[in-house]
>>> print(open('target_35.cif').read())   # mmCIF, C-alpha atoms
data_run
#
loop_
_atom_site.group_PDB
_atom_site.id
_atom_site.type_symbol
_atom_site.label_atom_id
_atom_site.label_comp_id
_atom_site.auth_asym_id
_atom_site.auth_seq_id
_atom_site.Cartn_x
_atom_site.Cartn_y
_atom_site.Cartn_z
ATOM 1 C CA MET A 1 -36.121 19.634 -2.003
ATOM 2 C CA LEU A 2 -33.931 16.626 -2.679
ATOM 3 C CA TRP A 3 -33.605 15.572 -6.258
ATOM 4 C CA PRO A 4 -35.019 12.014 -6.438
ATOM 5 C CA PHE A 5 -32.357 10.728 -8.807
ATOM 6 C CA ASN A 6 -29.270 11.607 -6.762
ATOM 7 C CA HIS A 7 -28.284 7.961 -6.584
ATOM 8 C CA PHE A 8 -27.626 8.023 -10.342
ATOM 9 C CA ARG A 9 -24.935 10.653 -9.980
ATOM 10 C CA LYS A 10 -21.328 9.689 -10.183
ATOM 11 C CA PRO A 11 -19.787 9.445 -6.693
ATOM 12 C CA ARG A 12 -17.706 12.420 -5.620
ATOM 13 C CA ALA A 13 -14.033 12.107 -6.285
ATOM 14 C CA PRO A 14 -12.063 11.551 -3.096
ATOM 15 C CA SER A 15 -10.662 14.728 -1.643
ATOM 16 C CA ARG A 16 -6.982 15.447 -2.061
ATOM 17 C CA SER A 17 -6.584 15.810 1.702
ATOM 18 C CA THR A 18 -8.067 12.335 2.261
ATOM 19 C CA ILE A 19 -5.727 10.755 -0.259
ATOM 20 C CA GLU A 20 -2.742 12.635 1.168
ATOM 21 C CA ALA A 21 -3.657 11.528 4.706
ATOM 22 C CA ILE A 22 -4.017 7.873 3.729
ATOM 23 C CA TYR A 23 -0.838 7.937 1.663
ATOM 24 C CA GLY A 24 0.988 9.631 4.534
ATOM 25 C CA MET A 25 -0.094 6.803 6.835
ATOM 26 C CA ILE A 26 1.217 4.246 4.344
ATOM 27 C CA VAL A 27 4.578 6.009 4.042
ATOM 28 C CA THR A 28 4.893 6.413 7.807
ATOM 29 C CA GLN A 29 4.196 2.729 8.377
ATOM 30 C CA ALA A 30 6.651 1.691 5.667
ATOM 31 C CA ARG A 31 9.324 3.657 7.545
ATOM 32 C CA GLU A 32 8.614 1.928 10.885
ATOM 33 C CA PRO A 33 12.099 1.002 12.204
ATOM 34 C CA SER A 34 11.065 -2.418 13.517
ATOM 35 C CA PHE A 35 10.613 -3.733 9.969
ATOM 36 C CA TYR A 36 14.281 -3.051 9.338
ATOM 37 C CA ARG A 37 15.627 -3.788 12.798
ATOM 38 C CA ASP A 38 13.576 -6.873 13.689
ATOM 39 C CA LEU A 39 12.298 -8.379 10.447
ATOM 40 C CA GLY A 40 15.387 -8.123 8.284
ATOM 41 C CA VAL A 41 13.952 -5.815 5.648
ATOM 42 C CA PRO A 42 16.953 -4.174 3.981
ATOM 43 C CA ASP A 43 17.132 -0.519 5.027
ATOM 44 C CA THR A 44 17.760 0.566 1.461
ATOM 45 C CA VAL A 45 15.845 2.479 -1.186
ATOM 46 C CA ASN A 46 14.604 -0.851 -2.564
ATOM 47 C CA GLY A 47 13.646 -2.199 0.865
ATOM 48 C CA ARG A 48 11.688 0.939 1.666
ATOM 49 C CA PHE A 49 10.019 0.863 -1.753
ATOM 50 C CA ASP A 50 8.993 -2.760 -1.229
ATOM 51 C CA LEU A 51 7.410 -2.004 2.157
ATOM 52 C CA LEU A 52 5.642 0.996 0.656
ATOM 53 C CA VAL A 53 4.248 -1.248 -2.096
ATOM 54 C CA LEU A 54 3.155 -3.871 0.467
ATOM 55 C CA HIS A 55 1.211 -1.307 2.498
ATOM 56 C CA LEU A 56 -0.250 0.345 -0.582
ATOM 57 C CA TRP A 57 -1.389 -3.068 -1.814
ATOM 58 C CA MET A 58 -3.066 -3.826 1.523
ATOM 59 C CA VAL A 59 -5.019 -0.564 1.452
ATOM 60 C CA LEU A 60 -5.992 -1.012 -2.193
ATOM 61 C CA GLN A 61 -7.231 -4.509 -1.294
ATOM 62 C CA ARG A 62 -9.593 -2.956 1.227
ATOM 63 C CA PHE A 63 -10.806 -0.285 -1.184
ATOM 64 C CA LYS A 64 -12.043 -3.020 -3.543
ATOM 65 C CA SER A 65 -15.010 -3.632 -1.257
ATOM 66 C CA THR A 66 -15.998 -0.005 -0.639
ATOM 67 C CA GLU A 67 -18.476 2.137 -2.482
ATOM 68 C CA GLY A 68 -16.468 4.322 -4.834
ATOM 69 C CA GLY A 69 -13.434 2.158 -4.121
ATOM 70 C CA ALA A 70 -12.242 2.291 -7.711
ATOM 71 C CA ASP A 71 -12.044 6.096 -7.517
ATOM 72 C CA LEU A 72 -10.256 5.939 -4.167
ATOM 73 C CA SER A 73 -7.836 3.328 -5.474
ATOM 74 C CA GLN A 74 -7.058 5.303 -8.604
ATOM 75 C CA ALA A 75 -6.515 8.533 -6.668
ATOM 76 C CA LEU A 76 -4.244 6.769 -4.169
ATOM 77 C CA PHE A 77 -2.268 5.033 -6.905
ATOM 78 C CA ASP A 78 -1.905 8.326 -8.799
ATOM 79 C CA HIS A 79 -0.593 9.951 -5.626
ATOM 80 C CA PHE A 80 1.912 7.098 -5.236
ATOM 81 C CA CYS A 81 3.077 7.651 -8.835
ATOM 82 C CA ASP A 82 3.397 11.410 -8.279
ATOM 83 C CA ASP A 83 5.438 10.739 -5.143
ATOM 84 C CA MET A 84 7.740 8.295 -6.936
ATOM 85 C CA ASP A 85 8.232 10.787 -9.780
ATOM 86 C CA ALA A 86 9.055 13.582 -7.310
ATOM 87 C CA ASN A 87 11.476 11.333 -5.408
ATOM 88 C CA LEU A 88 13.307 10.383 -8.598
ATOM 89 C CA ARG A 89 13.687 14.025 -9.566
ATOM 90 C CA GLU A 90 14.821 14.919 -6.036
ATOM 91 C CA MET A 91 17.487 12.198 -6.277
ATOM 92 C CA GLY A 92 18.738 13.830 -9.473
ATOM 93 C CA VAL A 93 17.402 11.382 -12.037
ATOM 94 C CA GLY A 94 17.283 13.155 -15.397
ATOM 95 C CA ASP A 95 14.093 14.026 -17.255
ATOM 96 C CA LEU A 96 14.808 11.483 -19.988
ATOM 97 C CA THR A 97 15.301 8.645 -17.509
ATOM 98 C CA VAL A 98 12.295 9.344 -15.249
ATOM 99 C CA PRO A 99 9.687 7.760 -17.576
ATOM 100 C CA LYS A 100 11.719 4.535 -17.820
ATOM 101 C CA ARG A 101 12.109 4.374 -14.050
ATOM 102 C CA MET A 102 8.407 5.105 -13.560
ATOM 103 C CA GLN A 103 7.565 2.252 -15.903
ATOM 104 C CA ALA A 104 9.811 -0.015 -13.845
ATOM 105 C CA PHE A 105 8.024 1.123 -10.650
ATOM 106 C CA GLY A 106 4.656 0.372 -12.221
ATOM 107 C CA GLU A 107 5.784 -3.063 -13.338
ATOM 108 C CA ALA A 108 7.197 -3.761 -9.878
ATOM 109 C CA PHE A 109 3.966 -2.701 -8.205
ATOM 110 C CA TYR A 110 1.703 -4.726 -10.479
ATOM 111 C CA GLY A 111 3.971 -7.777 -10.330
ATOM 112 C CA ARG A 112 4.108 -7.718 -6.549
ATOM 113 C CA ALA A 113 0.388 -7.019 -6.228
ATOM 114 C CA ALA A 114 -0.422 -10.002 -8.449
ATOM 115 C CA ALA A 115 1.948 -12.235 -6.470
ATOM 116 C CA TYR A 116 0.502 -11.062 -3.144
ATOM 117 C CA ASP A 117 -3.086 -11.503 -4.372
ATOM 118 C CA LEU A 118 -2.378 -15.067 -5.425
ATOM 119 C CA ALA A 119 -0.403 -15.863 -2.289
ATOM 120 C CA LEU A 120 -2.968 -14.349 0.075
ATOM 121 C CA ALA A 121 -5.664 -16.558 -1.415
ATOM 122 C CA SER A 122 -3.442 -19.611 -0.815
ATOM 123 C CA GLY A 123 -2.512 -19.052 2.839
ATOM 124 C CA ARG A 124 0.207 -17.727 5.096
ATOM 125 C CA GLU A 125 3.108 -19.845 3.818
ATOM 126 C CA PRO A 126 2.662 -18.828 0.154
ATOM 127 C CA LEU A 127 2.364 -15.216 1.321
ATOM 128 C CA ALA A 128 5.555 -15.617 3.350
ATOM 129 C CA GLN A 129 7.328 -17.030 0.291
ATOM 130 C CA ALA A 130 6.163 -14.113 -1.867
ATOM 131 C CA LEU A 131 7.278 -11.606 0.781
ATOM 132 C CA CYS A 132 10.605 -13.390 1.163
ATOM 133 C CA LYS A 133 11.224 -13.187 -2.576
ATOM 134 C CA ASN A 134 10.077 -9.610 -3.094
ATOM 135 C CA ILE A 135 11.064 -7.859 0.119
ATOM 136 C CA LEU A 136 13.811 -9.939 1.719
ATOM 137 C CA ASN A 137 15.679 -10.770 -1.502
ATOM 138 C CA GLY A 138 14.998 -14.496 -1.056
ATOM 139 C CA GLU A 139 16.718 -14.701 2.313
ATOM 140 C CA GLY A 140 15.253 -15.060 5.793
ATOM 141 C CA VAL A 141 12.141 -17.177 5.449
ATOM 142 C CA GLU A 142 11.486 -16.986 9.223
ATOM 143 C CA ALA A 143 11.434 -13.202 9.047
ATOM 144 C CA ALA A 144 9.166 -13.505 6.000
ATOM 145 C CA ARG A 145 6.764 -15.651 8.027
ATOM 146 C CA ARG A 146 6.623 -12.960 10.695
ATOM 147 C CA LEU A 147 6.078 -10.355 7.984
ATOM 148 C CA ALA A 148 3.240 -12.512 6.558
ATOM 149 C CA THR A 149 1.663 -12.652 10.039
ATOM 150 C CA TYR A 150 1.905 -8.882 10.223
ATOM 151 C CA ALA A 151 0.352 -8.489 6.757
ATOM 152 C CA GLU A 152 -2.551 -10.791 7.633
ATOM 153 C CA THR A 153 -3.171 -8.863 10.857
ATOM 154 C CA ALA A 154 -3.031 -5.525 9.038
ATOM 155 C CA ILE A 155 -5.412 -6.775 6.344
ATOM 156 C CA ALA A 156 -7.826 -8.072 8.980
ATOM 157 C CA GLY A 157 -7.697 -4.678 10.711
ATOM 158 C CA LEU A 158 -8.412 -2.873 7.461
ATOM 159 C CA THR A 159 -11.225 -5.300 6.651
ATOM 160 C CA GLY A 160 -12.824 -4.571 10.020
ATOM 161 C CA LEU A 161 -12.987 -0.839 9.388
ATOM 162 C CA ASP A 162 -16.253 0.721 8.358
ATOM 163 C CA GLU A 163 -16.136 2.821 5.208
ATOM 164 C CA ALA A 164 -16.440 6.157 7.008
ATOM 165 C CA THR A 165 -13.440 5.375 9.222
ATOM 166 C CA LEU A 166 -11.443 4.121 6.259
ATOM 167 C CA ARG A 167 -12.187 7.230 4.205
ATOM 168 C CA SER A 168 -11.459 9.579 7.103
ATOM 169 C CA ALA A 169 -7.978 8.131 7.585
ATOM 170 C CA ALA A 170 -8.854 7.791 11.274
ATOM 171 C CA TRP A 171 -7.125 4.436 11.712
ATOM 172 C CA ASN A 172 -3.635 3.051 12.129
ATOM 173 C CA PHE A 173 -1.715 0.059 10.929
ATOM 174 C CA PRO A 174 -0.650 -2.283 13.711
ATOM 175 C CA LEU A 175 2.953 -2.223 14.812
ATOM 176 C CA PRO A 176 4.764 -5.386 13.715
ATOM 177 C CA ALA A 177 5.352 -6.475 17.327
ATOM 178 C CA GLU A 178 1.656 -6.009 18.138
ATOM 179 C CA ALA A 179 0.745 -8.114 15.114
ATOM 180 C CA GLY A 180 2.703 -11.127 16.291
ATOM 181 C CA ALA A 181 5.635 -10.378 14.020
ATOM 182 C CA GLN A 182 8.293 -10.065 16.724
ATOM 183 C CA PRO A 183 11.396 -12.258 16.491
#
>>> encode(input="target_35.cif", output="structure tokens")
Amino acid sequence: MLWPFNHFRKPRAPSRSTIEAIYGMIVTQAREPSFYRDLGVPDTVNGRFDLLVLHLWMVLQRFKSTEGGADLSQALFDHFCDDMDANLREMGVGDLTVPKRMQAFGEAFYGRAAAYDLALASGREPLAQALCKNILNGEGVEAARRLATYAETAIAGLTGLDEATLRSAAWNFPLPAEAGAQP
């Protein structure tokens, strides 16, 4: 017999494998060579971090409108933080410095997310300007416009996903060239 008050229960926490799969997709996309080769994103630790943040932000945007999205978002963000912590330690950053660097990562994420939220609501050109500033170090506004086109296409693709597909990590980001972001 089904308990009649099941809808009052707290939603199940997202599975670790789901979060790992979604995060893996974000990392894989952030490493796509065409961002660096064709769109002028610096192929540096900072450039890769900025693309990772952009893709994480896009996915978190989509989670806002899903049932249990806050839990998914928190689990994904926690996984991002764990990954950043592990990467710092792998690069040899000392235990005393890791918390300061993690705070800087958090501030960078939240600052960029706020800028992208505001810019997205204002249109493609403000988004391009925000991407130019944060990812392209203020240089290459044409490349930033192509990156903004890509971001809008990726967001539209994520928005079009049903919740089951989104949660199953059975989707892909578009390639920049497919999203109209080619030079």
>>> axis_aligned_box(input="target_35.cif", around="region 95-104 of chain A", padding_each_side="4 Å", output="AutoDock Vina command-line options")
--center_x 11.4 --center_y 7.0 --center_z -16.8 --size_x 15.7 --size_y 22.0 --size_z 14.4
>>> closest_atom_pairs(input="target_35.cif", of="region 68-111 of chain A", to="region 50-57 of chain A", cutoff="10 Å", atoms="only C-alpha atoms", output="CSV")
residue,atom,partner,partner_atom,distance
A:Ser73,CA,A:Leu56,CA,9.5
A:Leu76,CA,A:Leu56,CA,8.4
A:Phe77,CA,A:Leu56,CA,8.1
A:Phe80,CA,A:Leu56,CA,8.5
A:Phe105,CA,A:Val53,CA,9.6
A:Ala108,CA,A:Val53,CA,8.7
A:Phe109,CA,A:Val53,CA,6.3
A:Tyr110,CA,A:Trp57,CA,9.3
>>> write_last_selection(input="target_35.cif", atoms="C-alpha atoms", output="PDB file, in the frame of the given file")
ATOM      1  CA  SER A  73      -7.836   3.328  -5.474  1.00  0.00           C
ATOM      2  CA  LEU A  76      -4.244   6.769  -4.169  1.00  0.00           C
ATOM      3  CA  PHE A  77      -2.268   5.033  -6.905  1.00  0.00           C
ATOM      4  CA  PHE A  80       1.912   7.098  -5.236  1.00  0.00           C
ATOM      5  CA  PHE A 105       8.024   1.123 -10.650  1.00  0.00           C
ATOM      6  CA  ALA A 108       7.197  -3.761  -9.878  1.00  0.00           C
ATOM      7  CA  PHE A 109       3.966  -2.701  -8.205  1.00  0.00           C
ATOM      8  CA  TYR A 110       1.703  -4.726 -10.479  1.00  0.00           C
TER       9      TYR A 110
END
>>> resolve_selection(input="target_35.cif", expression="the PyMOL selection byres ((chain A and resi 33) around 12)", output="PyMOL selection string")
chain A and resi 28-32+34-43+47-48+51+175-177
>>> write_last_selection(input="target_35.cif", atoms="C-alpha atoms", output="PDB file, in the coordinates of the input")
ATOM      1  CA  THR A  28       4.893   6.413   7.807  1.00  0.00           C
ATOM      2  CA  GLN A  29       4.196   2.729   8.377  1.00  0.00           C
ATOM      3  CA  ALA A  30       6.651   1.691   5.667  1.00  0.00           C
ATOM      4  CA  ARG A  31       9.324   3.657   7.545  1.00  0.00           C
ATOM      5  CA  GLU A  32       8.614   1.928  10.885  1.00  0.00           C
ATOM      6  CA  SER A  34      11.065  -2.418  13.517  1.00  0.00           C
ATOM      7  CA  PHE A  35      10.613  -3.733   9.969  1.00  0.00           C
ATOM      8  CA  TYR A  36      14.281  -3.051   9.338  1.00  0.00           C
ATOM      9  CA  ARG A  37      15.627  -3.788  12.798  1.00  0.00           C
ATOM     10  CA  ASP A  38      13.576  -6.873  13.689  1.00  0.00           C
ATOM     11  CA  LEU A  39      12.298  -8.379  10.447  1.00  0.00           C
ATOM     12  CA  GLY A  40      15.387  -8.123   8.284  1.00  0.00           C
ATOM     13  CA  VAL A  41      13.952  -5.815   5.648  1.00  0.00           C
ATOM     14  CA  PRO A  42      16.953  -4.174   3.981  1.00  0.00           C
ATOM     15  CA  ASP A  43      17.132  -0.519   5.027  1.00  0.00           C
ATOM     16  CA  GLY A  47      13.646  -2.199   0.865  1.00  0.00           C
ATOM     17  CA  ARG A  48      11.688   0.939   1.666  1.00  0.00           C
ATOM     18  CA  LEU A  51       7.410  -2.004   2.157  1.00  0.00           C
ATOM     19  CA  LEU A 175       2.953  -2.223  14.812  1.00  0.00           C
ATOM     20  CA  PRO A 176       4.764  -5.386  13.715  1.00  0.00           C
ATOM     21  CA  ALA A 177       5.352  -6.475  17.327  1.00  0.00           C
TER      22      ALA A 177
END
>>> atom_distance(input="target_35.cif", atom1="CA of Glu163 (chain A)", atom2="CA of Gly68 (chain A)")
10.2 Å
>>> residues_around(input="target_35.cif", residues="region 148-160 of chain A", least_positions_apart="4", cutoff="6 Å", atoms="all atoms listed in the file", output="count of residues only")
5
>>> closest_residue(input="target_35.cif", among="A:Met102, A:Ala144, A:Ala164, A:Ala70", to="Arg89 (chain A)", atoms="all atoms listed in the file")
A:Met102
>>> closest_residue(input="target_35.cif", among="A:Pro174, A:Glu107, A:Ile135, A:Thr165", to="Thr44 (chain A)", atoms="all atoms listed in the file")
A:Ile135
>>> closest_residue(input="target_35.cif", among="A:Ala130, A:Glu90, A:Val27, A:Ser15", to="Leu118 (chain A)", atoms="all atoms listed in the file")
A:Ala130
>>> closest_residue(input="target_35.cif", among="A:Lys133, A:Arg167, A:Pro14, A:Leu147", to="Arg112 (chain A)", atoms="all atoms listed in the file")
A:Lys133
>>> closest_residue(input="target_35.cif", among="A:Glu20, A:Glu142, A:Asp117, A:Glu67", to="Asp83 (chain A)", atoms="only C-alpha atoms")
A:Glu20
>>> atom_distance(input="target_35.cif", atom1="CA of Met58 (chain A)", atom2="CA of Arg16 (chain A)")
20.0 Å
>>> residues_around(input="target_35.cif", residues="Ala169 (chain A)", least_positions_apart="5", cutoff="8 Å", atoms="only C-alpha atoms", output="short mmCIF file (atom, residue, chain, number, x, y, z; two decimals) with C-alpha atoms, keeping the file's coordinate frame")
data_model
loop_
_atom_site.label_atom_id
_atom_site.label_comp_id
_atom_site.auth_asym_id
_atom_site.auth_seq_id
_atom_site.Cartn_x
_atom_site.Cartn_y
_atom_site.Cartn_z
CA THR A 18 -8.07 12.34 2.26
CA ALA A 21 -3.66 11.53 4.71
CA ILE A 22 -4.02 7.87 3.73
#
>>> atom_distance(input="target_35.cif", atom1="CA of Phe173 (chain A)", atom2="CA of Arg146 (chain A)")
15.5 Å
>>> build_atoms(input="target_35.cif", residues="region 162-175 of chain A", atoms="N, CA and C atoms", output="compact mmCIF listing (two decimals), in the coordinates of the input")
# COMPACT_ATOMS: atom_id res chain seq x y z
N ASP A 162 -15.10 0.29 9.15
CA ASP A 162 -16.25 0.72 8.36
C ASP A 162 -15.76 1.74 7.33
N GLU A 163 -16.57 1.97 6.32
CA GLU A 163 -16.14 2.82 5.21
C GLU A 163 -15.85 4.25 5.64
N ALA A 164 -16.65 4.77 6.56
CA ALA A 164 -16.44 6.16 7.01
C ALA A 164 -15.08 6.30 7.70
N THR A 165 -14.74 5.34 8.53
CA THR A 165 -13.44 5.38 9.22
C THR A 165 -12.30 5.24 8.22
N LEU A 166 -12.47 4.33 7.28
CA LEU A 166 -11.44 4.12 6.26
C LEU A 166 -11.21 5.39 5.45
N ARG A 167 -12.29 6.02 5.02
CA ARG A 167 -12.19 7.23 4.20
C ARG A 167 -11.66 8.43 5.00
N SER A 168 -11.90 8.44 6.29
CA SER A 168 -11.46 9.58 7.10
C SER A 168 -9.99 9.49 7.50
N ALA A 169 -9.37 8.36 7.19
CA ALA A 169 -7.98 8.13 7.58
C ALA A 169 -7.83 8.22 9.10
N ALA A 170 -8.86 7.76 9.81
CA ALA A 170 -8.85 7.79 11.27
C ALA A 170 -8.55 6.40 11.81
N TRP A 171 -7.51 5.78 11.31
CA TRP A 171 -7.12 4.44 11.71
C TRP A 171 -5.61 4.34 11.64
N ASN A 172 -5.08 3.27 12.16
CA ASN A 172 -3.64 3.05 12.13
C ASN A 172 -3.34 1.61 11.74
N PHE A 173 -2.21 1.41 11.14
CA PHE A 173 -1.72 0.06 10.93
C PHE A 173 -1.22 -0.46 12.28
N PRO A 174 -1.24 -1.76 12.47
CA PRO A 174 -0.65 -2.28 13.71
C PRO A 174 0.87 -2.19 13.64
N LEU A 175 1.50 -2.12 14.79
CA LEU A 175 2.95 -2.22 14.81
C LEU A 175 3.31 -3.68 14.61
